[in-house]
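Raw input08.cif, mmCIF, N, CA and C atoms and all ligand atoms:
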data_run
loop_
_atom_site.label_atom_id
_atom_site.label_comp_id
_atom_site.auth_asym_id
_atom_site.auth_seq_id
_atom_site.Cartn_x
_atom_site.Cartn_y
_atom_site.Cartn_z
N MET N 15 0.84 -1.20 0.00
CA MET N 15 0.00 0.00 0.00
C MET N 15 0.88 1.25 0.00
N ILE N 16 0.24 2.37 -0.30
CA ILE N 16 0.95 3.65 -0.27
C ILE N 16 0.56 4.37 1.03
N CYS N 17 1.53 4.81 1.78
CA CYS N 17 1.23 5.54 3.01
C CYS N 17 0.56 6.87 2.63
N PRO N 18 -0.64 7.14 3.18
CA PRO N 18 -1.34 8.39 2.83
C PRO N 18 -0.57 9.65 3.25
N ASN N 19 0.25 9.52 4.28
CA ASN N 19 1.01 10.68 4.74
C ASN N 19 2.23 10.95 3.88
N CYS N 20 3.00 9.88 3.67
CA CYS N 20 4.32 10.05 3.03
C CYS N 20 4.34 9.72 1.55
N LYS N 21 3.26 9.09 1.08
CA LYS N 21 3.16 8.68 -0.33
C LYS N 21 4.28 7.72 -0.73
N ILE N 22 4.79 6.99 0.26
CA ILE N 22 5.79 5.97 -0.10
C ILE N 22 5.16 4.59 0.03
N ASN N 23 5.77 3.62 -0.66
CA ASN N 23 5.24 2.27 -0.67
C ASN N 23 5.63 1.53 0.62
N ILE N 24 4.64 0.99 1.32
CA ILE N 24 4.95 0.18 2.51
C ILE N 24 4.29 -1.18 2.37
N ARG N 25 4.88 -2.19 3.00
CA ARG N 25 4.40 -3.55 2.82
C ARG N 25 3.47 -4.02 3.94
N TYR N 26 2.46 -4.78 3.54
CA TYR N 26 1.59 -5.42 4.52
C TYR N 26 2.25 -6.67 5.05
N LYS N 27 1.99 -6.98 6.31
CA LYS N 27 2.34 -8.30 6.82
C LYS N 27 1.10 -8.89 7.48
N LYS N 28 1.06 -10.23 7.54
CA LYS N 28 -0.10 -10.90 8.14
C LYS N 28 0.00 -10.88 9.66
N VAL N 29 -1.09 -10.52 10.32
CA VAL N 29 -1.12 -10.49 11.78
C VAL N 29 -2.41 -11.13 12.25
N LYS N 30 -2.35 -11.86 13.35
CA LYS N 30 -3.58 -12.37 13.95
C LYS N 30 -4.04 -11.40 15.01
N ARG N 31 -5.33 -11.06 14.96
CA ARG N 31 -5.88 -10.12 15.92
C ARG N 31 -7.19 -10.66 16.49
N PRO N 32 -7.55 -10.23 17.71
CA PRO N 32 -8.84 -10.65 18.25
C PRO N 32 -9.97 -10.11 17.39
N PHE N 33 -11.01 -10.89 17.26
CA PHE N 33 -12.18 -10.48 16.49
C PHE N 33 -12.78 -9.19 17.04
N ILE N 34 -13.10 -9.18 18.33
CA ILE N 34 -13.50 -7.93 18.98
C ILE N 34 -12.67 -7.85 20.27
N VAL N 35 -11.86 -6.82 20.38
CA VAL N 35 -10.95 -6.71 21.52
C VAL N 35 -11.74 -6.66 22.82
N ASP N 36 -11.23 -7.33 23.84
CA ASP N 36 -11.83 -7.47 25.18
C ASP N 36 -12.98 -8.46 25.20
N GLN N 37 -13.98 -8.23 24.34
CA GLN N 37 -15.16 -9.08 24.39
C GLN N 37 -14.87 -10.49 23.87
N TYR N 38 -14.16 -10.57 22.76
CA TYR N 38 -13.88 -11.87 22.17
C TYR N 38 -12.40 -12.01 21.81
N ASN N 39 -11.55 -11.79 22.79
CA ASN N 39 -10.11 -11.90 22.55
C ASN N 39 -9.68 -13.28 22.08
N GLU N 40 -10.49 -14.30 22.46
CA GLU N 40 -10.13 -15.68 22.14
C GLU N 40 -10.32 -16.01 20.66
N ILE N 41 -11.13 -15.21 19.97
CA ILE N 41 -11.35 -15.47 18.55
C ILE N 41 -10.35 -14.66 17.74
N GLN N 42 -9.35 -15.34 17.22
CA GLN N 42 -8.29 -14.67 16.47
C GLN N 42 -8.58 -14.75 14.97
N ILE N 43 -8.48 -13.64 14.31
CA ILE N 43 -8.70 -13.64 12.86
C ILE N 43 -7.47 -13.09 12.15
N ASP N 44 -7.29 -13.52 10.91
CA ASP N 44 -6.15 -13.04 10.11
C ASP N 44 -6.43 -11.64 9.61
N THR N 45 -5.51 -10.73 9.89
CA THR N 45 -5.64 -9.39 9.34
C THR N 45 -4.31 -9.01 8.72
N LYS N 46 -4.29 -7.92 8.02
CA LYS N 46 -3.04 -7.43 7.46
C LYS N 46 -2.71 -6.09 8.09
N GLU N 47 -1.44 -5.84 8.25
CA GLU N 47 -1.01 -4.61 8.91
C GLU N 47 0.20 -4.06 8.17
N ALA N 48 0.23 -2.76 8.00
CA ALA N 48 1.39 -2.14 7.37
C ALA N 48 1.89 -1.02 8.27
N HIS N 49 3.18 -1.00 8.48
CA HIS N 49 3.76 0.05 9.33
C HIS N 49 4.67 0.93 8.49
N CYS N 50 4.47 2.23 8.59
CA CYS N 50 5.32 3.17 7.85
C CYS N 50 6.39 3.70 8.81
N LYS N 51 7.63 3.37 8.51
CA LYS N 51 8.74 3.79 9.39
C LYS N 51 8.96 5.29 9.31
N SER N 52 8.62 5.84 8.17
CA SER N 52 8.86 7.25 7.94
C SER N 52 8.00 8.14 8.85
N CYS N 53 6.70 7.83 8.98
CA CYS N 53 5.83 8.67 9.82
C CYS N 53 5.35 7.93 11.07
N ASP N 54 5.79 6.68 11.24
CA ASP N 54 5.45 5.87 12.40
C ASP N 54 3.95 5.59 12.53
N MET N 55 3.29 5.48 11.40
CA MET N 55 1.85 5.15 11.42
C MET N 55 1.66 3.67 11.10
N THR N 56 0.65 3.06 11.74
CA THR N 56 0.32 1.68 11.44
C THR N 56 -1.08 1.62 10.84
N TYR N 57 -1.17 0.92 9.72
CA TYR N 57 -2.45 0.78 9.04
C TYR N 57 -2.90 -0.66 9.10
N GLN N 58 -4.19 -0.84 9.40
CA GLN N 58 -4.72 -2.19 9.49
C GLN N 58 -5.75 -2.45 8.40
N TYR N 59 -5.70 -3.66 7.91
CA TYR N 59 -6.71 -4.07 6.93
C TYR N 59 -7.33 -5.34 7.44
N GLN N 60 -8.64 -5.31 7.71
CA GLN N 60 -9.31 -6.44 8.35
C GLN N 60 -9.80 -7.50 7.39
N GLY N 61 -9.85 -7.20 6.12
CA GLY N 61 -10.34 -8.20 5.18
C GLY N 61 -11.84 -8.11 4.98
N GLU N 62 -12.31 -8.88 4.05
CA GLU N 62 -13.72 -8.84 3.67
C GLU N 62 -14.60 -9.38 4.80
N ALA N 63 -15.79 -8.79 4.94
CA ALA N 63 -16.70 -9.17 6.01
C ALA N 63 -17.03 -10.66 6.00
N HIS N 64 -17.25 -11.22 4.81
CA HIS N 64 -17.66 -12.64 4.79
C HIS N 64 -16.51 -13.57 5.17
N ILE N 65 -15.28 -13.12 4.94
CA ILE N 65 -14.12 -13.94 5.33
C ILE N 65 -13.96 -13.92 6.85
N ILE N 66 -14.20 -12.74 7.45
CA ILE N 66 -14.14 -12.63 8.90
C ILE N 66 -15.22 -13.50 9.53
N LYS N 67 -16.42 -13.43 8.93
CA LYS N 67 -17.54 -14.22 9.43
C LYS N 67 -17.21 -15.72 9.39
N LYS N 68 -16.57 -16.14 8.31
CA LYS N 68 -16.17 -17.55 8.18
C LYS N 68 -15.16 -17.94 9.25
N ALA N 69 -14.24 -17.03 9.54
CA ALA N 69 -13.21 -17.30 10.55
C ALA N 69 -13.85 -17.43 11.93
N VAL N 70 -14.84 -16.57 12.22
CA VAL N 70 -15.55 -16.63 13.50
C VAL N 70 -16.32 -17.95 13.58
N ALA N 71 -16.98 -18.31 12.47
CA ALA N 71 -17.75 -19.56 12.43
C ALA N 71 -16.82 -20.76 12.65
N ALA N 72 -15.64 -20.71 12.02
CA ALA N 72 -14.68 -21.81 12.16
C ALA N 72 -14.23 -21.97 13.61
N PHE N 73 -14.07 -20.84 14.30
CA PHE N 73 -13.72 -20.90 15.72
C PHE N 73 -14.85 -21.55 16.52
N LEU N 74 -16.08 -21.11 16.26
CA LEU N 74 -17.22 -21.57 17.06
C LEU N 74 -17.53 -23.05 16.89
N ILE N 75 -17.21 -23.60 15.71
CA ILE N 75 -17.51 -25.03 15.51
C ILE N 75 -16.33 -25.92 15.94
N THR N 76 -15.23 -25.31 16.37
CA THR N 76 -14.11 -26.09 16.89
C THR N 76 -14.54 -26.71 18.22
N PRO N 77 -14.28 -28.03 18.41
CA PRO N 77 -14.74 -28.68 19.65
C PRO N 77 -14.32 -27.92 20.91
N ASN N 78 -15.26 -27.80 21.83
CA ASN N 78 -15.06 -27.16 23.14
C ASN N 78 -14.79 -25.67 23.12
N MET N 79 -14.99 -25.01 22.00
CA MET N 79 -14.72 -23.58 21.94
C MET N 79 -15.96 -22.74 22.23
N MET N 80 -17.12 -23.20 21.81
CA MET N 80 -18.31 -22.37 22.01
C MET N 80 -18.72 -22.35 23.48
N LYS N 81 -18.80 -21.15 24.00
CA LYS N 81 -19.23 -20.95 25.38
C LYS N 81 -20.54 -20.16 25.38
N ARG N 82 -21.12 -20.04 26.56
CA ARG N 82 -22.36 -19.30 26.69
C ARG N 82 -22.26 -17.88 26.11
N LYS N 83 -21.13 -17.24 26.35
CA LYS N 83 -20.98 -15.85 25.88
C LYS N 83 -20.94 -15.73 24.35
N HIS N 84 -20.83 -16.88 23.68
CA HIS N 84 -20.80 -16.85 22.21
C HIS N 84 -22.17 -17.07 21.59
N ILE N 85 -23.19 -17.34 22.40
CA ILE N 85 -24.50 -17.69 21.84
C ILE N 85 -25.10 -16.53 21.04
N LEU N 86 -25.09 -15.34 21.64
CA LEU N 86 -25.67 -14.19 20.93
C LEU N 86 -24.86 -13.83 19.69
N LEU N 87 -23.54 -13.98 19.80
CA LEU N 87 -22.67 -13.75 18.64
C LEU N 87 -23.04 -14.72 17.53
N THR N 88 -23.25 -15.96 17.90
CA THR N 88 -23.65 -16.99 16.93
C THR N 88 -24.97 -16.63 16.26
N ILE N 89 -25.94 -16.24 17.09
CA ILE N 89 -27.27 -15.94 16.57
C ILE N 89 -27.27 -14.69 15.69
N ASP N 90 -26.76 -13.59 16.22
CA ASP N 90 -26.82 -12.30 15.50
C ASP N 90 -25.85 -12.25 14.33
N TYR N 91 -24.60 -12.54 14.63
CA TYR N 91 -23.54 -12.27 13.66
C TYR N 91 -23.34 -13.42 12.67
N VAL N 92 -23.22 -14.64 13.21
CA VAL N 92 -22.91 -15.76 12.32
C VAL N 92 -24.15 -16.27 11.58
N LEU N 93 -25.22 -16.50 12.33
CA LEU N 93 -26.43 -17.02 11.69
C LEU N 93 -27.29 -15.90 11.08
N GLU N 94 -26.98 -14.66 11.39
CA GLU N 94 -27.74 -13.49 10.92
C GLU N 94 -29.23 -13.68 11.17
N SER N 95 -29.54 -14.01 12.40
CA SER N 95 -30.91 -14.36 12.75
C SER N 95 -31.27 -13.72 14.09
N ASN N 96 -32.33 -14.18 14.72
CA ASN N 96 -32.67 -13.67 16.05
C ASN N 96 -33.06 -14.84 16.96
N ILE N 97 -33.23 -14.54 18.24
CA ILE N 97 -33.49 -15.59 19.23
C ILE N 97 -34.74 -16.41 18.86
N PHE N 98 -35.78 -15.73 18.38
CA PHE N 98 -37.04 -16.42 18.06
C PHE N 98 -36.83 -17.44 16.94
N GLU N 99 -36.20 -16.99 15.86
CA GLU N 99 -35.99 -17.89 14.71
C GLU N 99 -35.08 -19.06 15.08
N VAL N 100 -34.02 -18.76 15.82
CA VAL N 100 -33.07 -19.82 16.17
C VAL N 100 -33.71 -20.80 17.17
N ALA N 101 -34.49 -20.27 18.13
CA ALA N 101 -35.18 -21.14 19.08
C ALA N 101 -36.10 -22.11 18.35
N GLN N 102 -36.76 -21.59 17.31
CA GLN N 102 -37.66 -22.42 16.51
C GLN N 102 -36.89 -23.56 15.84
N LYS N 103 -35.73 -23.20 15.28
CA LYS N 103 -34.90 -24.22 14.61
C LYS N 103 -34.35 -25.24 15.60
N LEU N 104 -34.08 -24.78 16.83
CA LEU N 104 -33.53 -25.68 17.85
C LEU N 104 -34.64 -26.46 18.55
N LYS N 105 -35.89 -26.10 18.21
CA LYS N 105 -37.07 -26.70 18.84
C LYS N 105 -37.10 -26.50 20.36
N VAL N 106 -36.75 -25.27 20.77
CA VAL N 106 -36.87 -24.88 22.18
C VAL N 106 -37.67 -23.58 22.24
N HIS N 107 -38.14 -23.25 23.44
CA HIS N 107 -38.89 -22.00 23.61
C HIS N 107 -37.92 -20.82 23.59
N PRO N 108 -38.30 -19.72 22.91
CA PRO N 108 -37.40 -18.55 22.87
C PRO N 108 -36.99 -18.08 24.28
N LYS N 109 -37.91 -18.16 25.22
CA LYS N 109 -37.60 -17.73 26.59
C LYS N 109 -36.50 -18.61 27.19
N PHE N 110 -36.57 -19.90 26.88
CA PHE N 110 -35.55 -20.84 27.37
C PHE N 110 -34.18 -20.50 26.79
N LEU N 111 -34.16 -20.20 25.51
CA LEU N 111 -32.89 -19.83 24.86
C LEU N 111 -32.35 -18.53 25.46
N ASN N 112 -33.26 -17.59 25.70
CA ASN N 112 -32.88 -16.32 26.32
C ASN N 112 -32.35 -16.55 27.75
N ASP N 113 -32.98 -17.49 28.47
CA ASP N 113 -32.52 -17.82 29.82
C ASP N 113 -31.11 -18.40 29.80
N ILE N 114 -30.81 -19.16 28.76
CA ILE N 114 -29.46 -19.73 28.64
C ILE N 114 -28.46 -18.59 28.41
N VAL N 115 -28.83 -17.67 27.52
CA VAL N 115 -27.95 -16.52 27.24
C VAL N 115 -27.69 -15.73 28.53
N LYS N 116 -28.75 -15.55 29.34
CA LYS N 116 -28.66 -14.76 30.57
C LYS N 116 -28.14 -15.56 31.76
N ALA N 117 -27.70 -16.80 31.51
CA ALA N 117 -27.16 -17.67 32.57
C ALA N 117 -28.20 -18.05 33.62
N ARG N 118 -29.46 -18.15 33.18
CA ARG N 118 -30.50 -18.59 34.10
C ARG N 118 -30.90 -20.04 33.82
N ALA N 119 -30.31 -20.62 32.78
CA ALA N 119 -30.56 -22.02 32.45
C ALA N 119 -29.25 -22.63 31.99
N ILE N 120 -29.17 -23.95 32.08
CA ILE N 120 -27.92 -24.64 31.73
C ILE N 120 -27.76 -24.73 30.21
N PHE N 121 -26.57 -24.39 29.75
CA PHE N 121 -26.23 -24.50 28.33
C PHE N 121 -25.70 -25.93 28.12
N THR N 122 -26.59 -26.81 27.74
CA THR N 122 -26.22 -28.22 27.64
C THR N 122 -25.40 -28.49 26.37
N ASN N 123 -24.68 -29.60 26.40
CA ASN N 123 -23.89 -29.99 25.23
C ASN N 123 -24.79 -30.31 24.04
N THR N 124 -25.97 -30.83 24.33
CA THR N 124 -26.92 -31.15 23.26
C THR N 124 -27.30 -29.88 22.51
N LEU N 125 -27.61 -28.84 23.27
CA LEU N 125 -28.01 -27.58 22.63
C LEU N 125 -26.82 -26.96 21.90
N LYS N 126 -25.65 -27.08 22.51
CA LYS N 126 -24.43 -26.57 21.87
C LYS N 126 -24.22 -27.27 20.52
N ASP N 127 -24.37 -28.59 20.50
CA ASP N 127 -24.21 -29.35 19.25
C ASP N 127 -25.21 -28.91 18.20
N LYS N 128 -26.44 -28.64 18.65
CA LYS N 128 -27.47 -28.21 17.70
C LYS N 128 -27.14 -26.84 17.11
N LEU N 129 -26.60 -25.95 17.95
CA LEU N 129 -26.20 -24.61 17.47
C LEU N 129 -25.07 -24.74 16.46
N ILE N 130 -24.12 -25.62 16.78
CA ILE N 130 -22.99 -25.86 15.87
C ILE N 130 -23.51 -26.41 14.53
N ASP N 131 -24.50 -27.31 14.61
CA ASP N 131 -25.10 -27.85 13.38
C ASP N 131 -25.68 -26.72 12.51
N LEU N 132 -26.33 -25.75 13.17
CA LEU N 132 -26.92 -24.63 12.42
C LEU N 132 -25.84 -23.83 11.70
N ILE N 133 -24.71 -23.65 12.38
CA ILE N 133 -23.60 -22.91 11.76
C ILE N 133 -23.08 -23.69 10.55
N ILE N 134 -22.89 -24.99 10.74
CA ILE N 134 -22.36 -25.83 9.64
C ILE N 134 -23.33 -25.82 8.46
N ILE N 135 -24.62 -25.94 8.76
CA ILE N 135 -25.62 -25.93 7.68
C ILE N 135 -25.54 -24.62 6.92
N LYS N 136 -25.44 -23.51 7.67
CA LYS N 136 -25.40 -22.21 7.01
C LYS N 136 -24.20 -22.07 6.08
N PHE N 137 -23.05 -22.55 6.54
CA PHE N 137 -21.85 -22.36 5.73
C PHE N 137 -21.64 -23.43 4.67
N ASN N 138 -22.39 -24.51 4.77
CA ASN N 138 -22.28 -25.55 3.74
C ASN N 138 -23.35 -25.45 2.68
N THR N 139 -24.31 -24.55 2.89
CA THR N 139 -25.38 -24.41 1.92
C THR N 139 -24.88 -23.59 0.74
N PRO N 140 -24.85 -24.19 -0.43
CA PRO N 140 -24.38 -23.42 -1.58
C PRO N 140 -25.35 -22.28 -1.90
N VAL N 141 -24.78 -21.16 -2.20
CA VAL N 141 -25.60 -20.01 -2.59
C VAL N 141 -25.64 -19.94 -4.11
N ILE N 142 -26.83 -20.00 -4.65
CA ILE N 142 -26.94 -19.94 -6.10
C ILE N 142 -27.38 -18.53 -6.49
N GLU N 143 -26.56 -17.90 -7.29
CA GLU N 143 -26.92 -16.56 -7.73
C GLU N 143 -27.64 -16.62 -9.06
N LEU N 144 -28.88 -16.15 -9.05
CA LEU N 144 -29.66 -16.16 -10.28
C LEU N 144 -29.39 -14.89 -11.07
N GLU N 145 -29.26 -15.08 -12.35
CA GLU N 145 -28.98 -13.89 -13.17
C GLU N 145 -30.26 -13.31 -13.74
ZN ZN W 201 4.17 7.35 6.32
#
Take the structure from the file and write it as structure tokens.
Ligand SMILES: [Zn+2]
Amino acid sequence: MICPNCKINIRYKKVKRPFIVDQYNEIQIDTKEAHCKSCDMTYQYQGEAHIIKKAVAAFLITPNMMKRKHILLTIDYVLESNIFEVAQKLKVHPKFLNDIVKARAIFTNTLKDKLIDLIIIKFNTPVIELE
């Protein structure tokens, strides 16, 4: 890339960064970073949204990685859905799913597996673009 300040060519290098700092430090995604020695500025490039989404999904379906705090992330961001729709797919009551999110009900392995299945289904479904 060209440094906007100095107009000189600087190189990107690959860096792993947390998906959302503090909240999801455990989810590392590939990003690119370029540092300009001349003006001491660092530029970050996060990559395309769908690639980041895939990286987050890949983390969540890794055995033993999905925790309670990832449920809303899974529903909103990865599945692009809401509690009602996902509860319906999981065949549970929306209130029950909400209680799990709020730590008022146990997040069982069975439910975790079902959520992981939904992620896998979403990412394995071919998208056909009609012209
Ligand atoms: Zn510069």
Mind running chain N against ligand ZN 201 (chain W) at 12 Å and telling me each contacting residue's nearest atom pair with the distance in Å (one decimal), counting only C-alpha atoms and all ligand atoms, chain and number ascending, as a Markdown table?
| residue | atom | partner | partner_atom | distance |
| --- | --- | --- | --- | --- |
| N:Met15 | CA | W:ZN201 | ZN | 10.6 |
| N:Ile16 | CA | W:ZN201 | ZN | 8.2 |
| N:Cys17 | CA | W:ZN201 | ZN | 4.8 |
| N:Pro18 | CA | W:ZN201 | ZN | 6.6 |
| N:Asn19 | CA | W:ZN201 | ZN | 4.9 |
| N:Cys20 | CA | W:ZN201 | ZN | 4.3 |
| N:Lys21 | CA | W:ZN201 | ZN | 6.9 |
| N:Ile22 | CA | W:ZN201 | ZN | 6.8 |
| N:Asn23 | CA | W:ZN201 | ZN | 8.7 |
| N:Ile24 | CA | W:ZN201 | ZN | 8.2 |
| N:Arg25 | CA | W:ZN201 | ZN | 11.5 |
| N:Ala48 | CA | W:ZN201 | ZN | 9.9 |
| N:His49 | CA | W:ZN201 | ZN | 7.9 |
| N:Cys50 | CA | W:ZN201 | ZN | 4.6 |
| N:Lys51 | CA | W:ZN201 | ZN | 6.6 |
| N:Ser52 | CA | W:ZN201 | ZN | 5.0 |
| N:Cys53 | CA | W:ZN201 | ZN | 4.1 |
| N:Asp54 | CA | W:ZN201 | ZN | 6.4 |
| N:Met55 | CA | W:ZN201 | ZN | 6.0 |
| N:Thr56 | CA | W:ZN201 | ZN | 8.6 |
| N:Tyr57 | CA | W:ZN201 | ZN | 9.7 |
Could you give me, as a PyMOL selection string, each residue of chain N that DSSP assigns to helix (DSSP H, G or I) when run on this structure's backbone?
chain N and resi 63-74+82-92+97-104+108-115+123-138
What does the distance from atom N of Gln42 (chain N) to atom N of Asp127 (chain N) come to in Å, to one decimal?
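Value for the atom N of Gln42 (chain N)-atom N of Asp127 (chain N) distance: 20.3 Å.
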Need to verify the contact set: region 134-140 of chain N, 8 Å, only N, CA and C atoms, exclusion of same-chain residues closer than 3 positions in sequence. Can you return it as a PyMOL selection string?
chain N and resi 68+71+75+92-93+128-131+143
Please write the residues from the selection above to a file, keeping N, CA and C atoms, as a CSV table (one decimal), keeping the file's coordinate frame.
chain,number,residue,atom,x,y,z
N,68,LYS,N,-16.6,-16.1,8.3
N,68,LYS,CA,-16.2,-17.6,8.2
N,68,LYS,C,-15.2,-17.9,9.2
N,71,ALA,N,-17.0,-18.3,12.5
N,71,ALA,CA,-17.8,-19.6,12.4
N,71,ALA,C,-16.8,-20.8,12.6
N,75,ILE,N,-17.2,-23.6,15.7
N,75,ILE,CA,-17.5,-25.0,15.5
N,75,ILE,C,-16.3,-25.9,15.9
N,92,VAL,N,-23.2,-14.6,13.2
N,92,VAL,CA,-22.9,-15.8,12.3
N,92,VAL,C,-24.2,-16.3,11.6
N,93,LEU,N,-25.2,-16.5,12.3
N,93,LEU,CA,-26.4,-17.0,11.7
N,93,LEU,C,-27.3,-15.9,11.1
N,128,LYS,N,-26.4,-28.6,18.6
N,128,LYS,CA,-27.5,-28.2,17.7
N,128,LYS,C,-27.1,-26.8,17.1
N,129,LEU,N,-26.6,-26.0,18.0
N,129,LEU,CA,-26.2,-24.6,17.5
N,129,LEU,C,-25.1,-24.7,16.5
N,130,ILE,N,-24.1,-25.6,16.8
N,130,ILE,CA,-23.0,-25.9,15.9
N,130,ILE,C,-23.5,-26.4,14.5
N,131,ASP,N,-24.5,-27.3,14.6
N,131,ASP,CA,-25.1,-27.8,13.4
N,131,ASP,C,-25.7,-26.7,12.5
N,143,GLU,N,-26.6,-17.9,-7.3
N,143,GLU,CA,-26.9,-16.6,-7.7
N,143,GLU,C,-27.6,-16.6,-9.1
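Atom pair atom N of Lys67 (chain N) / CA of Ile43 (chain N) has a distance of 8.7 Å (rounded to one decimal).
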Which distance in Å separates CA of Val29 (chain N) and CA of Glu47 (chain N), to one decimal?
6.5 Å
Extract the full set of strand (DSSP E or B) residues from chain N according to DSSP on the backbone, and format it as a JSON list (two decimals) with N, CA and C atoms, in the frame of the given file.
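Wrote it out as states-v3.json, contents follow:
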[["chain", "number", "residue", "atom", "x", "y", "z"],
["N", 16, "ILE", "N", 0.24, 2.37, -0.30],
["N", 16, "ILE", "CA", 0.95, 3.65, -0.27],
["N", 16, "ILE", "C", 0.56, 4.37, 1.03],
["N", 23, "ASN", "N", 5.77, 3.62, -0.66],
["N", 23, "ASN", "CA", 5.24, 2.27, -0.67],
["N", 23, "ASN", "C", 5.63, 1.53, 0.62],
["N", 26, "TYR", "N", 2.46, -4.78, 3.54],
["N", 26, "TYR", "CA", 1.59, -5.42, 4.52],
["N", 26, "TYR", "C", 2.25, -6.67, 5.05],
["N", 27, "LYS", "N", 1.99, -6.98, 6.31],
["N", 27, "LYS", "CA", 2.34, -8.30, 6.82],
["N", 27, "LYS", "C", 1.10, -8.89, 7.48],
["N", 28, "LYS", "N", 1.06, -10.23, 7.54],
["N", 28, "LYS", "CA", -0.10, -10.90, 8.14],
["N", 28, "LYS", "C", 0.00, -10.88, 9.66],
["N", 29, "VAL", "N", -1.09, -10.52, 10.32],
["N", 29, "VAL", "CA", -1.12, -10.49, 11.78],
["N", 29, "VAL", "C", -2.41, -11.13, 12.25],
["N", 30, "LYS", "N", -2.35, -11.86, 13.35],
["N", 30, "LYS", "CA", -3.58, -12.37, 13.95],
["N", 30, "LYS", "C", -4.04, -11.40, 15.01],
["N", 31, "ARG", "N", -5.33, -11.06, 14.96],
["N", 31, "ARG", "CA", -5.88, -10.12, 15.92],
["N", 31, "ARG", "C", -7.19, -10.66, 16.49],
["N", 32, "PRO", "N", -7.55, -10.23, 17.71],
["N", 32, "PRO", "CA", -8.84, -10.65, 18.25],
["N", 32, "PRO", "C", -9.97, -10.11, 17.39],
["N", 33, "PHE", "N", -11.01, -10.89, 17.26],
["N", 33, "PHE", "CA", -12.18, -10.48, 16.49],
["N", 33, "PHE", "C", -12.78, -9.19, 17.04],
["N", 34, "ILE", "N", -13.10, -9.18, 18.33],
["N", 34, "ILE", "CA", -13.50, -7.93, 18.98],
["N", 34, "ILE", "C", -12.67, -7.85, 20.27],
["N", 38, "TYR", "N", -14.16, -10.57, 22.76],
["N", 38, "TYR", "CA", -13.88, -11.87, 22.17],
["N", 38, "TYR", "C", -12.40, -12.01, 21.81],
["N", 39, "ASN", "N", -11.55, -11.79, 22.79],
["N", 39, "ASN", "CA", -10.11, -11.90, 22.55],
["N", 39, "ASN", "C", -9.68, -13.28, 22.08],
["N", 40, "GLU", "N", -10.49, -14.30, 22.46],
["N", 40, "GLU", "CA", -10.13, -15.68, 22.14],
["N", 40, "GLU", "C", -10.32, -16.01, 20.66],
["N", 41, "ILE", "N", -11.13, -15.21, 19.97],
["N", 41, "ILE", "CA", -11.35, -15.47, 18.55],
["N", 41, "ILE", "C", -10.35, -14.66, 17.74],
["N", 42, "GLN", "N", -9.35, -15.34, 17.22],
["N", 42, "GLN", "CA", -8.29, -14.67, 16.47],
["N", 42, "GLN", "C", -8.58, -14.75, 14.97],
["N", 43, "ILE", "N", -8.48, -13.64, 14.31],
["N", 43, "ILE", "CA", -8.70, -13.64, 12.86],
["N", 43, "ILE", "C", -7.47, -13.09, 12.15],
["N", 44, "ASP", "N", -7.29, -13.52, 10.91],
["N", 44, "ASP", "CA", -6.15, -13.04, 10.11],
["N", 44, "ASP", "C", -6.43, -11.64, 9.61],
["N", 45, "THR", "N", -5.51, -10.73, 9.89],
["N", 45, "THR", "CA", -5.64, -9.39, 9.34],
["N", 45, "THR", "C", -4.31, -9.01, 8.72],
["N", 46, "LYS", "N", -4.29, -7.92, 8.02],
["N", 46, "LYS", "CA", -3.04, -7.43, 7.46],
["N", 46, "LYS", "C", -2.71, -6.09, 8.09],
["N", 47, "GLU", "N", -1.44, -5.84, 8.25],
["N", 47, "GLU", "CA", -1.01, -4.61, 8.91],
["N", 47, "GLU", "C", 0.20, -4.06, 8.17],
["N", 48, "ALA", "N", 0.23, -2.76, 8.00],
["N", 48, "ALA", "CA", 1.39, -2.14, 7.37],
["N", 48, "ALA", "C", 1.89, -1.02, 8.27],
["N", 49, "HIS", "N", 3.18, -1.00, 8.48],
["N", 49, "HIS", "CA", 3.76, 0.05, 9.33],
["N", 49, "HIS", "C", 4.67, 0.93, 8.49],
["N", 50, "CYS", "N", 4.47, 2.23, 8.59],
["N", 50, "CYS", "CA", 5.32, 3.17, 7.85],
["N", 50, "CYS", "C", 6.39, 3.70, 8.81],
["N", 55, "MET", "N", 3.29, 5.48, 11.40],
["N", 55, "MET", "CA", 1.85, 5.15, 11.42],
["N", 55, "MET", "C", 1.66, 3.67, 11.10],
["N", 56, "THR", "N", 0.65, 3.06, 11.74],
["N", 56, "THR", "CA", 0.32, 1.68, 11.44],
["N", 56, "THR", "C", -1.08, 1.62, 10.84],
["N", 57, "TYR", "N", -1.17, 0.92, 9.72],
["N", 57, "TYR", "CA", -2.45, 0.78, 9.04],
["N", 57, "TYR", "C", -2.90, -0.66, 9.10],
["N", 58, "GLN", "N", -4.19, -0.84, 9.40],
["N", 58, "GLN", "CA", -4.72, -2.19, 9.49],
["N", 58, "GLN", "C", -5.75, -2.45, 8.40],
["N", 59, "TYR", "N", -5.70, -3.66, 7.91],
["N", 59, "TYR", "CA", -6.71, -4.07, 6.93],
["N", 59, "TYR", "C", -7.33, -5.34, 7.44]]
Determine, counting all atoms listed in the file, which protein, DNA and RNA residues have an atom within 8 Å of an atom of region 100-110 of chain N; residues of the same chain fewer than 5 positions away are not included. Present the result as a list in words.
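Answer for this query is Ile89, Ser95, Val115, Lys116, Arg118, Ala119, Leu125, Lys128 and Leu129 of chain N.
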